[in-house]
Structures are given as structure tokens and as C-alpha cells.
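Visitor: protein-v6.tsv (TSV, C-alpha atoms) pasted underneath:
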```tsv
chain	number	residue	atom	x	y	z
A	258	MET	CA	149.49	-3.16	-110.18
A	259	THR	CA	150.55	-1.15	-113.23
A	260	ALA	CA	148.27	1.71	-114.23
A	261	GLY	CA	145.76	0.60	-116.85
A	262	THR	CA	145.94	-3.08	-115.88
A	263	THR	CA	142.58	-4.74	-115.29
A	264	SER	CA	142.26	-6.49	-111.93
A	265	PRO	CA	141.17	-10.15	-112.03
A	266	ASP	CA	139.35	-9.45	-108.77
A	267	PRO	CA	136.10	-7.57	-109.54
A	268	GLU	CA	134.56	-4.79	-107.52
A	269	THR	CA	131.73	-5.53	-105.13
A	270	LEU	CA	128.24	-4.17	-105.57
A	271	PRO	CA	127.90	-0.54	-104.44
A	272	ALA	CA	126.83	-0.12	-100.83
A	273	GLN	CA	123.70	1.78	-101.86
A	274	LEU	CA	122.18	-1.41	-103.25
A	275	TYR	CA	122.13	-2.79	-99.71
A	276	TRP	CA	119.82	-0.18	-98.23
A	277	SER	CA	118.06	1.98	-100.82
A	278	ALA	CA	114.33	1.77	-101.51
A	279	GLU	CA	115.04	2.07	-105.23
A	280	ALA	CA	117.22	-1.02	-105.23
A	281	TRP	CA	114.59	-2.93	-103.28
A	282	GLU	CA	111.91	-2.12	-105.85
A	283	VAL	CA	114.11	-3.35	-108.70
A	284	GLU	CA	115.03	-6.59	-106.93
A	285	ARG	CA	111.50	-7.49	-105.87
A	286	ARG	CA	110.35	-7.17	-109.49
A	287	GLU	CA	113.39	-8.44	-111.39
A	288	ILE	CA	114.66	-11.17	-109.04
A	289	TRP	CA	111.99	-12.33	-106.61
A	290	ALA	CA	108.90	-12.05	-108.80
A	291	LYS	CA	110.80	-14.06	-111.44
A	292	SER	CA	111.74	-16.93	-109.12
A	293	TRP	CA	109.96	-19.88	-107.57
A	294	VAL	CA	109.54	-19.42	-103.81
A	295	LEU	CA	108.89	-22.18	-101.28
A	296	ILE	CA	105.81	-21.49	-99.14
A	297	GLY	CA	105.07	-24.82	-97.40
A	298	ARG	CA	104.50	-28.55	-97.61
A	299	VAL	CA	101.86	-30.41	-99.58
A	300	SER	CA	100.77	-32.15	-96.36
A	301	GLN	CA	99.48	-28.78	-95.12
A	302	LEU	CA	96.99	-28.60	-98.00
A	303	GLU	CA	95.14	-31.90	-97.95
A	304	ALA	CA	91.47	-30.89	-97.74
A	305	PRO	CA	89.44	-28.46	-99.89
A	306	GLY	CA	89.70	-25.04	-98.26
A	307	ASP	CA	93.11	-25.66	-96.69
A	308	TYR	CA	95.41	-22.73	-97.47
A	309	ILE	CA	98.91	-21.36	-96.91
A	310	SER	CA	99.51	-17.62	-97.12
A	311	ALA	CA	102.90	-15.99	-97.62
A	312	THR	CA	104.53	-12.72	-98.61
A	313	ILE	CA	107.04	-12.84	-101.44
A	314	ALA	CA	109.21	-9.70	-101.42
A	315	GLY	CA	106.20	-7.60	-100.46
A	316	TYR	CA	103.68	-9.45	-102.67
A	317	PRO	CA	101.00	-11.17	-100.51
A	318	VAL	CA	99.79	-14.51	-101.89
A	319	PHE	CA	97.98	-17.64	-100.77
A	320	ALA	CA	97.69	-21.19	-102.10
A	321	ILE	CA	94.41	-23.04	-101.56
A	322	ARG	CA	93.14	-26.55	-102.26
A	323	GLY	CA	90.05	-26.44	-104.47
A	324	LYS	CA	86.97	-28.61	-104.15
A	325	ASP	CA	88.16	-30.32	-107.33
A	326	GLY	CA	91.41	-31.26	-105.59
A	327	VAL	CA	93.50	-28.79	-107.60
A	328	LEU	CA	96.00	-26.57	-105.82
A	329	ARG	CA	95.83	-22.94	-106.95
A	330	CYS	CA	97.50	-19.71	-105.90
A	331	PHE	CA	96.22	-16.12	-105.89
A	332	HIS	CA	97.37	-12.73	-104.73
A	333	ASN	CA	95.92	-12.15	-101.28
A	334	VAL	CA	94.11	-9.00	-102.42
A	335	CYS	CA	90.35	-8.53	-102.67
A	336	ARG	CA	89.35	-6.88	-105.95
A	337	HIS	CA	86.95	-4.52	-104.16
A	338	ARG	CA	89.22	-2.31	-102.03
A	339	ALA	CA	92.38	-4.39	-101.62
A	340	SER	CA	91.72	-6.05	-98.27
A	341	PRO	CA	93.56	-9.30	-97.55
A	342	LEU	CA	91.24	-12.29	-97.88
A	343	VAL	CA	93.08	-14.56	-95.44
A	344	GLY	CA	95.56	-13.90	-92.66
A	345	GLY	CA	99.13	-13.20	-93.66
A	346	ASP	CA	101.99	-15.71	-93.45
A	347	CYS	CA	100.00	-18.54	-91.90
A	348	THR	CA	98.22	-21.82	-92.57
A	349	GLY	CA	94.50	-22.32	-92.15
A	350	HIS	CA	91.22	-23.65	-93.42
A	351	THR	CA	88.12	-21.91	-94.73
A	352	ASP	CA	84.78	-23.12	-96.00
A	353	ARG	CA	83.98	-19.75	-97.62
A	354	LEU	CA	86.53	-17.44	-99.19
A	355	SER	CA	84.82	-14.26	-98.03
A	356	CYS	CA	86.57	-10.90	-97.68
A	357	PRO	CA	86.50	-9.84	-93.99
A	358	TYR	CA	86.19	-6.17	-94.97
A	359	HIS	CA	83.02	-5.93	-97.12
A	360	ARG	CA	82.11	-9.60	-97.65
A	361	TRP	CA	82.92	-10.04	-101.31
A	362	LEU	CA	82.74	-13.79	-101.86
A	363	TYR	CA	85.03	-15.88	-104.07
A	364	ASP	CA	85.10	-19.58	-104.89
A	365	PHE	CA	88.27	-21.61	-104.52
A	366	GLU	CA	88.93	-21.20	-108.25
A	367	GLY	CA	89.25	-17.42	-107.74
A	368	ASN	CA	85.93	-16.41	-109.33
A	369	LEU	CA	83.91	-13.64	-107.76
A	370	ARG	CA	80.56	-15.09	-106.63
A	371	GLY	CA	79.12	-12.34	-104.48
A	372	ALA	CA	79.40	-8.53	-104.21
A	373	PRO	CA	76.70	-7.36	-101.77
A	374	ASP	CA	74.46	-4.51	-103.01
A	375	MET	CA	76.51	-4.00	-106.17
A	376	GLU	CA	75.54	-4.50	-109.80
A	377	ILE	CA	78.85	-5.35	-111.49
A	378	ASP	CA	80.24	-7.81	-114.01
A	379	LYS	CA	81.54	-10.43	-111.61
A	380	SER	CA	83.57	-12.12	-114.32
A	381	ALA	CA	85.76	-9.00	-114.52
A	382	TYR	CA	86.72	-9.07	-110.84
A	383	GLY	CA	88.16	-12.50	-110.15
A	384	LEU	CA	91.24	-12.88	-107.99
A	385	VAL	CA	94.62	-12.22	-109.59
A	386	PRO	CA	96.29	-15.61	-110.06
A	387	ALA	CA	99.87	-16.68	-109.45
A	388	ARG	CA	101.55	-19.92	-110.46
A	389	CYS	CA	101.63	-22.82	-108.02
A	390	GLU	CA	103.51	-26.11	-108.44
A	391	THR	CA	104.79	-28.86	-106.17
A	392	TRP	CA	108.15	-30.63	-105.93
A	393	ARG	CA	108.97	-33.62	-103.72
A	394	GLY	CA	106.32	-32.77	-101.16
A	395	PHE	CA	106.83	-28.99	-101.14
A	396	VAL	CA	104.67	-26.16	-102.49
A	397	PHE	CA	106.21	-23.35	-104.55
A	398	VAL	CA	104.78	-20.14	-105.96
A	399	ALA	CA	105.95	-17.94	-108.84
A	400	LEU	CA	104.50	-14.53	-109.63
A	401	ASP	CA	105.79	-14.13	-113.18
A	402	ALA	CA	104.01	-16.13	-115.87
A	403	ASP	CA	107.24	-16.54	-117.83
A	404	VAL	CA	109.25	-18.34	-115.13
A	405	GLU	CA	110.34	-21.77	-116.34
A	406	PRO	CA	108.50	-24.81	-114.92
A	407	LEU	CA	109.45	-25.72	-111.37
A	408	ASP	CA	110.99	-29.10	-112.28
A	409	SER	CA	113.31	-27.34	-114.71
A	410	TRP	CA	114.05	-24.50	-112.27
A	411	LEU	CA	115.10	-27.06	-109.64
A	412	SER	CA	116.77	-29.55	-111.98
A	413	ASP	CA	120.29	-29.05	-110.57
A	414	ILE	CA	118.95	-29.28	-107.02
A	415	SER	CA	117.16	-32.51	-107.87
A	416	THR	CA	120.39	-34.13	-109.01
A	417	VAL	CA	122.37	-33.43	-105.85
A	418	ALA	CA	119.42	-33.99	-103.50
A	419	LEU	CA	118.86	-37.58	-104.61
A	420	ARG	CA	120.95	-38.85	-101.71
A	421	HIS	CA	118.10	-37.81	-99.39
A	422	PRO	CA	114.53	-39.19	-99.48
A	423	ILE	CA	113.01	-35.72	-99.11
A	424	GLU	CA	109.41	-36.78	-99.72
A	425	THR	CA	109.40	-39.18	-96.77
A	426	MET	CA	111.57	-37.20	-94.37
A	427	LYS	CA	109.89	-36.04	-91.17
A	428	LEU	CA	109.80	-32.40	-90.13
A	429	ALA	CA	111.32	-32.18	-86.66
A	430	ARG	CA	111.26	-28.42	-86.24
A	431	GLN	CA	110.45	-25.27	-88.22
A	432	PHE	CA	110.96	-21.69	-87.11
A	433	SER	CA	111.78	-18.25	-88.46
A	434	VAL	CA	113.97	-15.39	-87.29
A	435	GLU	CA	113.98	-11.81	-88.52
A	436	ALA	CA	116.90	-9.40	-88.60
A	437	ASP	CA	117.73	-5.88	-89.75
A	438	ILE	CA	119.83	-7.12	-92.64
A	439	ASN	CA	119.47	-6.65	-96.38
A	440	TRP	CA	118.91	-10.06	-97.97
A	441	LYS	CA	122.01	-9.66	-100.17
A	442	THR	CA	124.26	-9.10	-97.14
A	443	TYR	CA	123.24	-12.52	-95.87
A	444	CYS	CA	123.65	-14.13	-99.30
A	445	ASP	CA	127.12	-12.64	-99.79
A	446	ASN	CA	128.10	-14.29	-96.53
A	447	TYR	CA	126.55	-17.65	-97.45
A	448	ALA	CA	128.34	-17.65	-100.81
A	449	GLU	CA	131.86	-18.01	-99.39
A	450	ALA	CA	133.68	-20.19	-96.88
A	451	TRP	CA	136.58	-17.82	-96.27
A	452	HIS	CA	135.01	-16.67	-93.00
A	453	ILE	CA	134.48	-20.12	-91.48
A	454	PRO	CA	137.74	-20.27	-89.45
A	455	THR	CA	137.10	-16.84	-87.88
A	456	ILE	CA	133.30	-16.79	-87.47
A	457	HIS	CA	132.30	-20.47	-87.01
A	458	PRO	CA	134.58	-22.26	-84.54
A	459	GLY	CA	132.18	-25.19	-84.15
A	460	LEU	CA	131.77	-25.72	-87.88
A	461	TYR	CA	135.51	-25.24	-88.43
A	462	GLY	CA	136.17	-28.00	-85.91
A	463	ALA	CA	133.74	-30.35	-87.65
A	464	ILE	CA	134.82	-30.08	-91.29
A	465	ASP	CA	138.09	-30.34	-93.14
A	466	MET	CA	138.59	-26.93	-94.74
A	467	ARG	CA	141.34	-28.33	-96.96
A	468	GLY	CA	138.64	-30.21	-98.86
A	469	TYR	CA	136.10	-27.38	-98.96
A	470	ARG	CA	135.04	-26.45	-102.46
A	471	ILE	CA	132.42	-24.21	-104.01
A	472	ASP	CA	131.08	-24.90	-107.49
A	473	ALA	CA	129.21	-22.06	-109.19
A	474	ILE	CA	126.87	-23.74	-111.67
A	475	GLY	CA	125.59	-21.39	-114.35
A	476	LEU	CA	123.91	-18.27	-113.02
A	477	ARG	CA	121.58	-19.73	-110.42
A	478	VAL	CA	123.06	-22.68	-108.51
A	479	GLN	CA	125.91	-23.10	-106.05
A	480	ARG	CA	127.16	-26.33	-104.56
A	481	HIS	CA	129.33	-26.24	-101.45
A	482	TYR	CA	131.01	-29.36	-100.12
A	483	ALA	CA	133.23	-30.07	-97.13
A	484	PRO	CA	134.27	-33.51	-95.82
A	485	ALA	CA	134.11	-34.22	-92.11
A	486	ARG	CA	137.30	-33.66	-90.15
A	487	ASP	CA	138.63	-36.74	-88.36
A	488	GLY	CA	136.40	-37.00	-85.30
A	489	GLY	CA	134.14	-34.21	-86.62
A	490	GLN	CA	130.41	-34.26	-86.01
A	491	THR	CA	129.27	-34.09	-89.64
A	492	ASP	CA	130.13	-33.69	-93.25
A	493	GLY	CA	128.27	-31.11	-95.29
A	494	LEU	CA	126.77	-30.60	-98.73
A	495	TRP	CA	125.15	-27.21	-99.13
A	496	VAL	CA	123.24	-26.41	-102.31
A	497	TRP	CA	121.91	-22.93	-102.96
A	498	ARG	CA	119.26	-22.28	-105.60
A	499	LEU	CA	119.63	-18.55	-106.05
A	500	PRO	CA	118.18	-16.23	-104.98
A	501	GLY	CA	117.05	-17.58	-101.61
A	502	LEU	CA	116.63	-21.36	-101.23
A	503	PHE	CA	119.27	-23.39	-99.38
A	504	PHE	CA	119.41	-27.17	-99.09
A	505	ASN	CA	121.87	-27.88	-96.28
A	506	MET	CA	122.42	-31.64	-96.39
A	507	TYR	CA	124.23	-33.62	-93.72
A	508	ASN	CA	124.78	-37.26	-92.89
A	509	TRP	CA	122.06	-36.93	-90.22
A	510	GLY	CA	119.38	-35.24	-92.33
A	511	MET	CA	118.63	-31.91	-93.92
A	512	ASN	CA	117.96	-28.29	-93.06
A	513	ILE	CA	116.09	-26.40	-95.76
A	514	GLY	CA	116.87	-22.75	-95.22
A	515	GLN	CA	115.13	-19.84	-96.88
A	516	VAL	CA	115.89	-16.14	-96.96
A	517	GLU	CA	112.91	-13.85	-97.49
A	518	PRO	CA	113.42	-10.10	-98.03
A	519	LEU	CA	111.00	-7.98	-96.03
A	520	GLY	CA	112.22	-4.59	-97.22
A	521	PRO	CA	115.39	-2.70	-98.07
A	522	THR	CA	117.09	-3.48	-94.75
A	523	ARG	CA	115.12	-6.32	-93.20
A	524	MET	CA	114.90	-10.04	-93.88
A	525	ARG	CA	113.50	-13.28	-92.49
A	526	LEU	CA	115.22	-16.64	-92.31
A	527	THR	CA	113.09	-19.78	-92.13
A	528	TYR	CA	114.56	-23.15	-91.16
A	529	ARG	CA	112.99	-26.57	-91.71
A	530	TYR	CA	114.89	-29.40	-90.01
A	531	LEU	CA	114.10	-32.80	-91.53
A	532	PHE	CA	115.12	-36.31	-90.44
A	533	ASN	CA	114.61	-39.75	-91.93
A	534	GLU	CA	112.70	-40.80	-88.84
A	535	LEU	CA	111.57	-39.25	-85.55
A	536	ASP	CA	112.42	-41.96	-83.05
A	537	PRO	CA	111.38	-40.58	-79.62
A	538	ALA	CA	114.43	-42.23	-78.10
A	539	LYS	CA	116.66	-39.99	-80.23
A	540	GLU	CA	114.92	-36.70	-79.45
A	541	LYS	CA	117.84	-35.37	-77.39
A	542	GLU	CA	120.27	-36.23	-80.17
A	543	ARG	CA	118.09	-34.45	-82.73
A	544	ASP	CA	117.77	-31.39	-80.52
A	545	GLU	CA	121.54	-31.22	-80.16
A	546	LEU	CA	122.07	-31.45	-83.92
A	547	ILE	CA	119.47	-28.75	-84.59
A	548	GLU	CA	120.99	-26.48	-81.97
A	549	TRP	CA	124.44	-27.08	-83.44
A	550	ALA	CA	123.23	-26.11	-86.91
A	551	TYR	CA	121.32	-23.09	-85.57
A	552	THR	CA	124.41	-21.89	-83.72
A	553	VAL	CA	126.15	-21.57	-87.08
A	554	ALA	CA	123.19	-19.57	-88.41
A	555	LYS	CA	123.25	-17.22	-85.40
A	556	GLU	CA	126.96	-16.60	-85.93
A	557	ASP	CA	126.21	-15.63	-89.53
A	558	LEU	CA	123.45	-13.25	-88.45
A	559	THR	CA	125.73	-11.55	-85.93
A	560	ILE	CA	128.46	-10.74	-88.46
A	561	CYS	CA	125.88	-9.82	-91.14
A	562	GLN	CA	124.23	-7.30	-88.82
A	563	ALA	CA	127.61	-5.68	-88.17
A	564	VAL	CA	128.36	-5.54	-91.91
A	565	GLN	CA	124.91	-4.12	-92.67
A	566	SER	CA	125.44	-1.32	-90.18
A	567	ASN	CA	128.69	-0.35	-91.87
A	568	LEU	CA	127.17	-0.55	-95.35
A	569	GLN	CA	124.66	2.08	-94.25
A	570	ALA	CA	127.16	4.28	-92.41
A	571	GLY	CA	128.23	6.20	-95.51
A	572	ILE	CA	131.97	5.41	-95.43
A	573	TYR	CA	132.21	2.26	-97.53
A	574	ASP	CA	131.14	2.32	-101.17
A	575	ARG	CA	132.78	-0.57	-103.02
A	576	GLY	CA	135.42	-3.17	-102.25
A	577	ARG	CA	137.10	-6.02	-104.13
A	578	LEU	CA	136.21	-9.69	-104.36
A	579	SER	CA	138.81	-12.46	-104.37
A	580	SER	CA	138.59	-14.61	-107.47
A	581	VAL	CA	140.24	-17.38	-105.41
A	582	HIS	CA	138.04	-17.39	-102.30
A	583	GLU	CA	134.87	-15.59	-103.38
A	584	ASN	CA	133.86	-17.13	-106.69
A	585	GLY	CA	130.43	-17.81	-105.19
A	586	VAL	CA	130.02	-14.17	-104.18
A	587	ILE	CA	131.04	-13.10	-107.67
A	588	GLN	CA	128.38	-15.38	-109.19
A	589	PHE	CA	125.69	-14.03	-106.86
A	590	GLN	CA	126.60	-10.38	-107.38
A	591	GLU	CA	126.60	-10.87	-111.15
A	592	LEU	CA	122.98	-12.07	-110.86
A	593	VAL	CA	122.08	-8.94	-108.88
A	594	SER	CA	123.96	-6.66	-111.29
A	595	ALA	CA	122.13	-8.18	-114.25
A	596	ALA	CA	118.76	-7.50	-112.60
A	597	HIS	CA	119.65	-3.84	-112.07
A	598	ALA	CA	121.03	-3.54	-115.59
A	599	ARG	CA	117.66	-4.62	-117.00
A	600	GLN	CA	116.07	-1.63	-115.25
A	601	ALA	CA	118.78	0.89	-116.11
```
Show me the file's structure as C-alpha cells.
Guide:
Amino acid sequence: MTAGTTSPDPETLPAQLYWSAEAWEVERREIWAKSWVLIGRVSQLEAPGDYISATIAGYPVFAIRGKDGVLRCFHNVCRHRASPLVGGDCTGHTDRLSCPYHRWLYDFEGNLRGAPDMEIDKSAYGLVPARCETWRGFVFVALDADVEPLDSWLSDISTVALRHPIETMKLARQFSVEADINWKTYCDNYAEAWHIPTIHPGLYGAIDMRGYRIDAIGLRVQRHYAPARDGGQTDGLWVWRLPGLFFNMYNWGMNIGQVEPLGPTRMRLTYRYLFNELDPAKEKERDELIEWAYTVAKEDLTICQAVQSNLQAGIYDRGRLSSVHENGVIQFQELVSAAHARQA
């Protein structure tokens, strides 16, 4: 390339963004606190006092069904001395929302009702609220009051997901895995298909790579599509609502994947495998399909862990992205760059 010529292939993000505490603080505030995050299913919150707790990029929250039937969400932080009110990252039921540390008592609307041996203005010490909305049987939380309504935030997902009756699908299995990987390392990998022939032999044998395409829609949605290879096990339609929600749709059902950052160099992946029906006679077939899909995920984690190690080694700073094969990575990294630019 002639000196002074601009490359059509942009630079990657600097390696420091994949391990530094400073980058983590920016991203938890500017990306994750400004997004809707899936925390569970509506069916887990049927009775007053039913709750789901979660941690969103370091922010502990819980959603609870009120006695009036309304679903509300609060930060899982007592206003006395910051104790959690309910257990972290779990589902449960309570008849009294009482702090286990010093017994401050709240109602399910977040109002402080009791502060033993203290004369204070209870109206000034209610729980800190977060936003809570539902979509097609799932419960989402947003920490920033200015995030657009959930239906709007998921509008592109709704369009492509119509081929699946999500509300009535049955959950066959849900589990989480944690790894020493920065969440962006995993997302960079998810955003391109260039690695499929070398990293995913099973998936490569199932889909026709000649028909694989990735559509970057605006700043926040990606749609991946690959037809089944002749004799292949499945076709695939993968839709990613950035930053961390993945709808992996197949002809046999759906896997809703979710990446959750736990810190600068650690993340959790949660998988929810859904089927149209749970016929006991087809349990072995379902198990095989789930294991097949999870094998692909484990292959991704293996290469991402190796990449993460090298990002932290101090040799690599920045690389180049292919405008032909990595348009999805370019879209994702532009979102991250914009978040850091707002804090510059």
C-alpha cells in the first residue's frame, strides 16, 4: 500500500480494552447499564413474593412480583448499610422483604416499612428502582431510565423471531458456564464466521458456508444465516442483539444464549434450550441436539481463552479487521469505541 493511503480494513480495538479495570468501568456504565438484560422467564414470577435476582455487569438487582400483581425491579442493596436483601443470581420466594443483616423491612413496592430502633424518615430510604419489562414470556431489566422501551429495543429481533412460537416453547435445559475471558473477546468471535472451517468441524459439516451471510443492522443488531449442507443436521439463523443477547434459531428449536461480563477478564455464558414440545419419547434426540450445539460453544470458549491469554501477554496491541469477512466484528467494535469515546 502506498504511503498515505487509507486502508479499507480498520484497526482492531487496542488490547488494553480487553483486560484493564478502567475499560471495564466505562463499559459497565456506558454499554451494560444502558441496555436491556434478560434475567429470567415470566413463569418464574407467578405469585406475590416470587423473585429473580441477577448481577448486571457488577450491579446486583432483583425483580419481584408485588401483591398487586405488578412486576417491579430494584437494586439488591439495603439502604441501611448496603447488605443484599435476597440471595444473588437465583430464584426464590419471600413473604417478607427483610434485610438479613439488620432487619430493615421493605414492602414489595420498595418502600421502607421498618427500621428497628431508628427514628428516620422512612420515605427517604426506599429501595433504588430499576426498570423491568417483559417480552414474549421473558423478563428484562434496564438500569438506565433513558433506555428505549423494551419492545422498541427488541423490534428487529421480533421480526426475525416470528418463525418460532417463543411464548409457548418448552425449556428443556438451562445452564451457565464461566470462563476467564473478557466479554468482548467472546463477542468478537461470535461476530464472524471466518473461523468456522478451522474451529468448528461439526458445524462446518452441517452448514453450507457458501451461503453464509452476516447482516449488520444499524448499530445494535446482527443477523447470521447459513443454509443446511446436503445431509447436514441443521440450518441456522443466529440473531445477536448487541451487546450480549443471542437468539440461535434452528429447524429443531432455539437456544437463547447470553454473555454476562463478571469483570475485566471474566465472563459467564448462559444457555436456554427451547423446543416446541417435550415429548418423552424424543428425549435422547433432544439431548443429542443440545450436546451438538454445546460442543460448538465449547470450541468457541477454547479459542477465546487462548486469544485472551495473548491479549494480556503484552506483545499484541492492535491488528486489522477484514472488511470482507469481519463486517460483524467491525460493527461490534464501533459500538465499543463509541462508548469509550463518550467517556474520553
Visitor: Within 10 Å of (120.8, -37.2, -90.3) in the file's own coordinates, which protein, DNA or RNA residues have an atom, counting all atoms listed in the file? List them as a list of chain:residue names.
Guide: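 Result, sorted by chain then residue number: A:His421, A:Thr491, A:Met506, A:Tyr507, A:Asn508, A:Trp509, A:Gly510, A:Met511, A:Asn512, A:Tyr530, A:Leu531, A:Phe532, A:Asn533, A:Glu534, A:Arg543, A:Leu546.
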Visitor: Please, which residues are within 7 Å of (128.5, -26.2, -102.7) by the file's coordinates, counting all atoms listed in the file, and could they come as a ChimeraX atom specification?
Guide: /A:470-472,479-482,494-496
Visitor: Select from range 351-394 of chain A every residue with an atom at most 12 Å from any atom of range 401-420 of chain A, then for each give the shortest pair of atoms and their distance in Å to one decimal, using all atoms listed in the file, rows by chain and rising number, as a Markdown table.
Guide:
```
| residue | atom | partner | partner_atom | distance |
| --- | --- | --- | --- | --- |
| A:Val385 | CA | A:Asp401 | CA | 11.9 |
| A:Pro386 | CA | A:Ala402 | CA | 9.7 |
| A:Ala387 | CA | A:Asp401 | CA | 7.4 |
| A:Arg388 | CA | A:Ala402 | CA | 7.0 |
| A:Cys389 | CA | A:Leu407 | CA | 9.0 |
| A:Glu390 | CA | A:Leu407 | CA | 6.6 |
| A:Thr391 | CA | A:Leu407 | CA | 7.7 |
| A:Trp392 | CA | A:Asp408 | CA | 7.1 |
| A:Arg393 | CA | A:Ser415 | CA | 9.2 |
```
Visitor: With distances taken over only C-alpha atoms, which residue among A:Ala399, A:Lys379, A:Glu556, A:Leu369 lies nearest Pro458 in chain A?
Guide: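 Of A:Ala399, A:Lys379, A:Glu556, A:Leu369, the one nearest Pro458 in chain A is A:Glu556, counting only C-alpha atoms.
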Visitor: Compile the contact shell of Gly459 in chain A as a list of chain:residue names: residues with an atom at most 9 Å away, counting all atoms listed in the file, same-chain residues fewer than 6 positions apart removed.
Guide: A:Trp549, A:Thr552, A:Val553
Visitor: Using all atoms listed in the file, pick whichever of A:Glu542, A:Gly468, A:Asp445, A:Arg286 has the shortest atom-to-atom distance to Trp497 in chain A.
Guide: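 Counting all atoms listed in the file, the residue closest to Trp497 in chain A is A:Asp445.
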